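*Asks:* Mind looking over this structure? Questions follow.
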Amino acid sequence: MPAGPTQLDGHRVGEALNAALPGIVTTATDEWVEVDHARVDEALRWLHDSDEFDAAQLSNLCGVDYHDHFAIVYHLQSLDLNQQVVVKARIPDHDEPALPSSYPVYKGALLQEREVFDLMGVHFEGHPDLRRLFLWDGFPGHPLRKDFMGIGDGLTSGLSRFPFENKENPDRLLNRDNVIQPDDQDVPSDWSGAAPA
Amino acid sequence: MTTAAEPYVLNIGPQHPSTHGVFRIRVVMDGERIQDLDMIVGYLHRSMEKLAEERTYTQNIPFTDRADYLAAMSGNLGLCLAAERLAEVEVPERASYLRVIFAELQRIASHAMANGTLVSDAGAWQTPLLYMFREREKILDLFEMTCGARLTTNYMRIGGVSYEPPEEFWPALQELVDELPERIGEYEELLTQNEIFVARTRNVGVITPEDAINGSLVGPALRGSGVPWDLRKAEPYCVYDRMDFDVPIGQTGDVYDRFMVRLAETRESVKILRQAIAGIPDGPHKTDIPLALRPEPGEVYGRVEGPRGELGFYLVSDGGPAPYRFHIRAPSLINLSLLREMARGAALSDAVVALGSIDIVVGEIDR
């Protein structure tokens, strides 16, 4: 499956984390390890300091809104060992999500946490300068939340179907009047816009 | 005679040549020295990550052009690689070679722009910049003859690239590759020994390797501090594992080192281009995929080494035709994590050069 080429097995990371910090791991899969969100700073600190994982750099930090909870995803990497660890923190409180900041461990979290705070409204406790990053102070709401300007009635944003999609034959459009398929026979011979290989 | 002055607040930008776009900095000055710095971004925020949740994976490719508009090809490549891994799409070998060729051309064009603007920040107003635009112009011509666009190329597709380059592309590319080493030599001659340029950049904006790693710096900003980290080597994608090239690094981590790393990287890119031209096989340039790609529920973090460093795409699929979550790990934004520490205590003129050496693209910061 889609695990990265240098990504470590989450089970292995989970076992090592649980041995060092008992009870911190909540779930582990092939791809990631999920830790108790209130102790995520401990987990990151331990991974950063450990010789086995040597998670020296916070490569990516972002949040995902799952309607009833938030997940903060940390992609950590070791530059010496060339390996990647994916840590997730599940925040069950969807109304006022909060978790400890990772800035004391990684300075690279400074702007990334501000971005998540701005667009998702997740509070990072202990962040030295938690302000909105892109939007102005006083902007109503947090746009990357799934319920931002929600439609109501249980409807969610997003596509359920591609506009001209043909269910029986997914490679073909229903409305083909203004679309030229590369293998169409009726393409004029002098038309060189999309030259098929 | 001594004078005492109260600290005062100086506003730079959002429209200012040294900020390379609509990027605003408020600095608290003590005389000529910076006491504190606060960056204010968001003037170019287009809410791409939210918009992307309502568009199919292929419809999202044009957003990556407009995120880092000086390296559209790298953005295209990053998203396509991530989506291909998520949906398990195979890419023909010829397409992988074409991707490497265009990504390296884009790197040369972007580094030319970065170094040119850095030199004009350092006071060599416009002359070196326009020299460097010579090569960039030829590269953009190559893009134009292949896909019709110069800046927002929208060239790569999930499963390959959109067009086969035309016949006249290959001789033009060969000509460019042949003359580039000489041109790069000209810049080295013109700038690297220039007394004023060296005085303005040596030991300015120094970042230690420890800070660079801990501050999530990537790309030339990290390699300038002497950390040999390049995703083309560490996690080879496309056909980079078949290419023979070096990863140039700096020694002190100052502005001069970052400039030299970029210059040396363009030489390495020329090396890669030569090998790619020699090794490109015949075959199809893309595979057919369904119009509405529906990857299995799951998530992927795909990344490429763009001109500014690790450009990552974190995609979450819920099985629908549009991504459930679409996050761009923007190197331009994250490379600024240390800006405040770097600028404190420095003279304002040095901070401007240090910012120029980080090489930001505001479209990518704000997204």
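Order determines the names: the first chain of the structure tokens is A, the second B, and so forth; residues in each chain are numbered 1 upward, and ligands are numbered 1 upward as they are shown.
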Identify, on the basis of only C-alpha atoms, every residue whose closest approach to Val87 of chain A does not exceed 9 Å; exclude the query and any residue fewer than 4 positions from it along the same chain; express the result as number ranges by chain.
*Replies:* A: 10, 32-35, 40, 43-44, 72-76
*Asks:* Using only C-alpha atoms, determine which residues of chain B fall within 8 Å of chain A; present them as an MDAnalysis selection string.
*Replies:* chainID B and resid 40:43 45 49:50 53:56 85:86 88 163:164 213:217 229 234:235 283:285 289:292 298:302 312 320:322 324:325 327 329 333:334 337:338 366
*Asks:* Please give the complete set of residues from segment 4-182 of chain A that DSSP, run on the backbone, assigns to strand (DSSP E or B), formatted as a VMD selection string.
*Replies:* chain A and resid 7 25 to 28 33 to 36 57 to 65 70 to 78 83 to 91 98 to 100 123 to 125 152 155 165 173
*Asks:* Using only C-alpha atoms, pick whichever of A:Ala71, A:Val122, A:Leu99, A:Val85 has the shortest atom-to-atom distance to Val13 of chain A.
*Replies:*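 Looking only at the distances to Val13 of chain A, the closest residue turns out to be A:Val85.
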*Asks:* When DSSP works through the backbone of this structure, what residues of segment 263-350 of chain B end up as helix (DSSP H, G or I), shown as an MDAnalysis selection string?
*Replies:* chainID B and resid 263:279 331:343 348:350
*Asks:* As number ranges by chain, please: the residues near Arg200 of chain B (cut-off 10 Å, only C-alpha atoms, same-chain neighbours under 3 positions excluded).
*Replies:* B: 119, 121-123, 195-197, 203-204, 255-256, 349-350, 353
*Asks:* Save out the residues we just selected, N, CA, C and O atoms, as a PDB file, in the first residue's frame.
*Replies:*
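This is the output file result.pdb:
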ATOM      1  N   VAL B 119      21.306  38.593  -5.871  1.00  0.00           N
ATOM      2  CA  VAL B 119      22.376  39.529  -6.205  1.00  0.00           C
ATOM      3  C   VAL B 119      21.816  40.948  -6.320  1.00  0.00           C
ATOM      4  O   VAL B 119      22.471  41.906  -5.915  1.00  0.00           O
ATOM      5  N   ASP B 121      19.300  42.022  -4.560  1.00  0.00           N
ATOM      6  CA  ASP B 121      19.106  42.437  -3.167  1.00  0.00           C
ATOM      7  C   ASP B 121      20.413  42.947  -2.571  1.00  0.00           C
ATOM      8  O   ASP B 121      20.426  43.852  -1.736  1.00  0.00           O
ATOM      9  N   ALA B 122      21.518  42.313  -2.990  1.00  0.00           N
ATOM     10  CA  ALA B 122      22.807  42.698  -2.435  1.00  0.00           C
ATOM     11  C   ALA B 122      23.336  43.990  -3.039  1.00  0.00           C
ATOM     12  O   ALA B 122      24.403  44.442  -2.659  1.00  0.00           O
ATOM     13  N   GLY B 123      22.602  44.558  -3.987  1.00  0.00           N
ATOM     14  CA  GLY B 123      22.966  45.871  -4.474  1.00  0.00           C
ATOM     15  C   GLY B 123      23.385  45.930  -5.923  1.00  0.00           C
ATOM     16  O   GLY B 123      23.501  47.009  -6.481  1.00  0.00           O
ATOM     17  N   GLU B 195      34.454  41.447  -4.961  1.00  0.00           N
ATOM     18  CA  GLU B 195      34.753  41.862  -3.593  1.00  0.00           C
ATOM     19  C   GLU B 195      33.512  42.370  -2.863  1.00  0.00           C
ATOM     20  O   GLU B 195      33.290  42.042  -1.695  1.00  0.00           O
ATOM     21  N   ILE B 196      32.715  43.148  -3.553  1.00  0.00           N
ATOM     22  CA  ILE B 196      31.533  43.720  -2.894  1.00  0.00           C
ATOM     23  C   ILE B 196      30.532  42.617  -2.579  1.00  0.00           C
ATOM     24  O   ILE B 196      29.986  42.551  -1.466  1.00  0.00           O
ATOM     25  N   PHE B 197      30.320  41.722  -3.542  1.00  0.00           N
ATOM     26  CA  PHE B 197      29.360  40.638  -3.304  1.00  0.00           C
ATOM     27  C   PHE B 197      29.815  39.761  -2.151  1.00  0.00           C
ATOM     28  O   PHE B 197      29.017  39.387  -1.284  1.00  0.00           O
ATOM     29  N   ASN B 203      29.535  35.323   5.904  1.00  0.00           N
ATOM     30  CA  ASN B 203      29.216  35.390   7.336  1.00  0.00           C
ATOM     31  C   ASN B 203      27.976  36.231   7.640  1.00  0.00           C
ATOM     32  O   ASN B 203      27.838  36.784   8.715  1.00  0.00           O
ATOM     33  N   VAL B 204      27.093  36.319   6.685  1.00  0.00           N
ATOM     34  CA  VAL B 204      25.809  37.000   6.896  1.00  0.00           C
ATOM     35  C   VAL B 204      24.719  35.935   6.923  1.00  0.00           C
ATOM     36  O   VAL B 204      24.734  35.007   6.117  1.00  0.00           O
ATOM     37  N   VAL B 255      24.976  33.288   3.611  1.00  0.00           N
ATOM     38  CA  VAL B 255      24.285  33.606   2.368  1.00  0.00           C
ATOM     39  C   VAL B 255      25.128  33.189   1.164  1.00  0.00           C
ATOM     40  O   VAL B 255      24.624  32.649   0.184  1.00  0.00           O
ATOM     41  N   TYR B 256      26.433  33.413   1.273  1.00  0.00           N
ATOM     42  CA  TYR B 256      27.327  33.068   0.177  1.00  0.00           C
ATOM     43  C   TYR B 256      27.265  31.573  -0.127  1.00  0.00           C
ATOM     44  O   TYR B 256      27.231  31.165  -1.295  1.00  0.00           O
ATOM     45  N   SER B 349      20.074  45.850   6.230  1.00  0.00           N
ATOM     46  CA  SER B 349      20.529  45.508   4.882  1.00  0.00           C
ATOM     47  C   SER B 349      20.960  44.046   4.805  1.00  0.00           C
ATOM     48  O   SER B 349      20.781  43.389   3.780  1.00  0.00           O
ATOM     49  N   ASP B 350      21.509  43.509   5.907  1.00  0.00           N
ATOM     50  CA  ASP B 350      21.906  42.103   5.916  1.00  0.00           C
ATOM     51  C   ASP B 350      20.685  41.196   5.975  1.00  0.00           C
ATOM     52  O   ASP B 350      20.674  40.122   5.364  1.00  0.00           O
ATOM     53  N   VAL B 353      19.292  40.609   2.577  1.00  0.00           N
ATOM     54  CA  VAL B 353      20.071  39.635   1.807  1.00  0.00           C
ATOM     55  C   VAL B 353      19.808  38.219   2.334  1.00  0.00           C
ATOM     56  O   VAL B 353      19.678  37.268   1.554  1.00  0.00           O
TER      57      VAL B 353
END
*Asks:* Excluding segment 12-17 of chain B and residues on its chain fewer than 2 positions from it, collect all residues at most 12 Å away from it, counting only C-alpha atoms, and give them as a VMD selection string.
*Replies:* chain B and resid 9 to 10 19 to 29 37 to 44 117 to 118 120 to 123 125 to 126 348 to 349 351 to 353 355 to 356 362
*Asks:* Would you work out the distance separating atom CA of Asp41 of chain A from atom CA of Ile207 of chain B, expressed in Å to one decimal?
*Replies:*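 Going from atom CA of Asp41 of chain A over to atom CA of Ile207 of chain B, I get 25.3 Å.
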*Asks:* What does the distance between atom CA of Glu42 of chain A and atom CA of Phe124 of chain A come to in Å, to one decimal place?
*Replies:*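 So the answer is 14.1 Å.
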*Asks:* How far is it from atom CA of Pro281 of chain B to atom CA of Pro248 of chain B, in Å with one decimal?
*Replies:*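 Calculated distance between atom CA of Pro281 of chain B and atom CA of Pro248 of chain B is 28.9 Å.
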*Asks:* Tell me which of B:Gly148, B:Pro236, B:Pro166, B:Gly279 sits closest to Arg94 of chain B, counting only C-alpha atoms.
*Replies:*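 Ranking B:Gly148, B:Pro236, B:Pro166, B:Gly279 by distance to Arg94 of chain B, first place goes to B:Gly279.
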*Asks:* Counting only C-alpha atoms, what is within 12 Å of segment 184-194 of chain B, bar same-chain residues fewer than 5 positions away, as a ChimeraX atom specification?
*Replies:* /B:108,111-112,115-116,118-120,122,124,127-135,176-179,199-202,256-257,259-270
*Asks:* Tell me, as a PDB file with all heavy atoms, in the first residue's frame, which residues lie within 8 Å of Glu90 of chain B, counting only C-alpha atoms; anything in the same chain fewer than 3 positions away does not count.
*Replies:*
ATOM      1  N   GLU B  84      -0.258   9.116  -7.760  1.00  0.00           N
ATOM      2  CA  GLU B  84       0.011   7.807  -8.368  1.00  0.00           C
ATOM      3  C   GLU B  84       0.260   6.749  -7.317  1.00  0.00           C
ATOM      4  O   GLU B  84      -0.151   5.592  -7.462  1.00  0.00           O
ATOM      5  CB  GLU B  84       1.235   7.904  -9.292  1.00  0.00           C
ATOM      6  CG  GLU B  84       0.897   8.495 -10.642  1.00  0.00           C
ATOM      7  CD  GLU B  84       2.092   9.127 -11.300  1.00  0.00           C
ATOM      8  OE1 GLU B  84       3.229   8.957 -10.811  1.00  0.00           O
ATOM      9  OE2 GLU B  84       1.897   9.819 -12.309  1.00  0.00           O
ATOM     10  N   GLY B 159      -0.107   9.497 -14.152  1.00  0.00           N
ATOM     11  CA  GLY B 159       0.166   8.428 -15.118  1.00  0.00           C
ATOM     12  C   GLY B 159       1.093   8.839 -16.244  1.00  0.00           C
ATOM     13  O   GLY B 159       1.286   8.079 -17.174  1.00  0.00           O
ATOM     14  N   THR B 287      -0.017   6.737 -19.271  1.00  0.00           N
ATOM     15  CA  THR B 287      -0.967   5.632 -19.236  1.00  0.00           C
ATOM     16  C   THR B 287      -2.357   6.222 -19.109  1.00  0.00           C
ATOM     17  O   THR B 287      -2.531   7.319 -18.583  1.00  0.00           O
ATOM     18  CB  THR B 287      -0.736   4.714 -18.027  1.00  0.00           C
ATOM     19  OG1 THR B 287      -0.512   5.532 -16.882  1.00  0.00           O
ATOM     20  CG2 THR B 287       0.436   3.811 -18.233  1.00  0.00           C
TER      21      THR B 287
END
*Asks:* So which residues touch Gly250 of chain B within 6 Å, counting only C-alpha atoms, skipping near sequence neighbours fewer than 4 positions away, as a list in words?
*Replies:*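 Selected residues are Gly224, Ser225, Gly226 and Asp257 of chain B.
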*Asks:* Emit the selected residues as a PDB file, in the first residue's frame, including C-alpha atoms.
*Replies:*
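What ended up in again25.pdb:
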ATOM      1  CA  GLY B 224      24.164  25.505   2.469  1.00  0.00           C
ATOM      2  CA  SER B 225      24.671  24.685   6.163  1.00  0.00           C
ATOM      3  CA  GLY B 226      26.613  21.573   5.203  1.00  0.00           C
ATOM      4  CA  ASP B 257      27.188  29.296   0.703  1.00  0.00           C
TER       5      ASP B 257
END
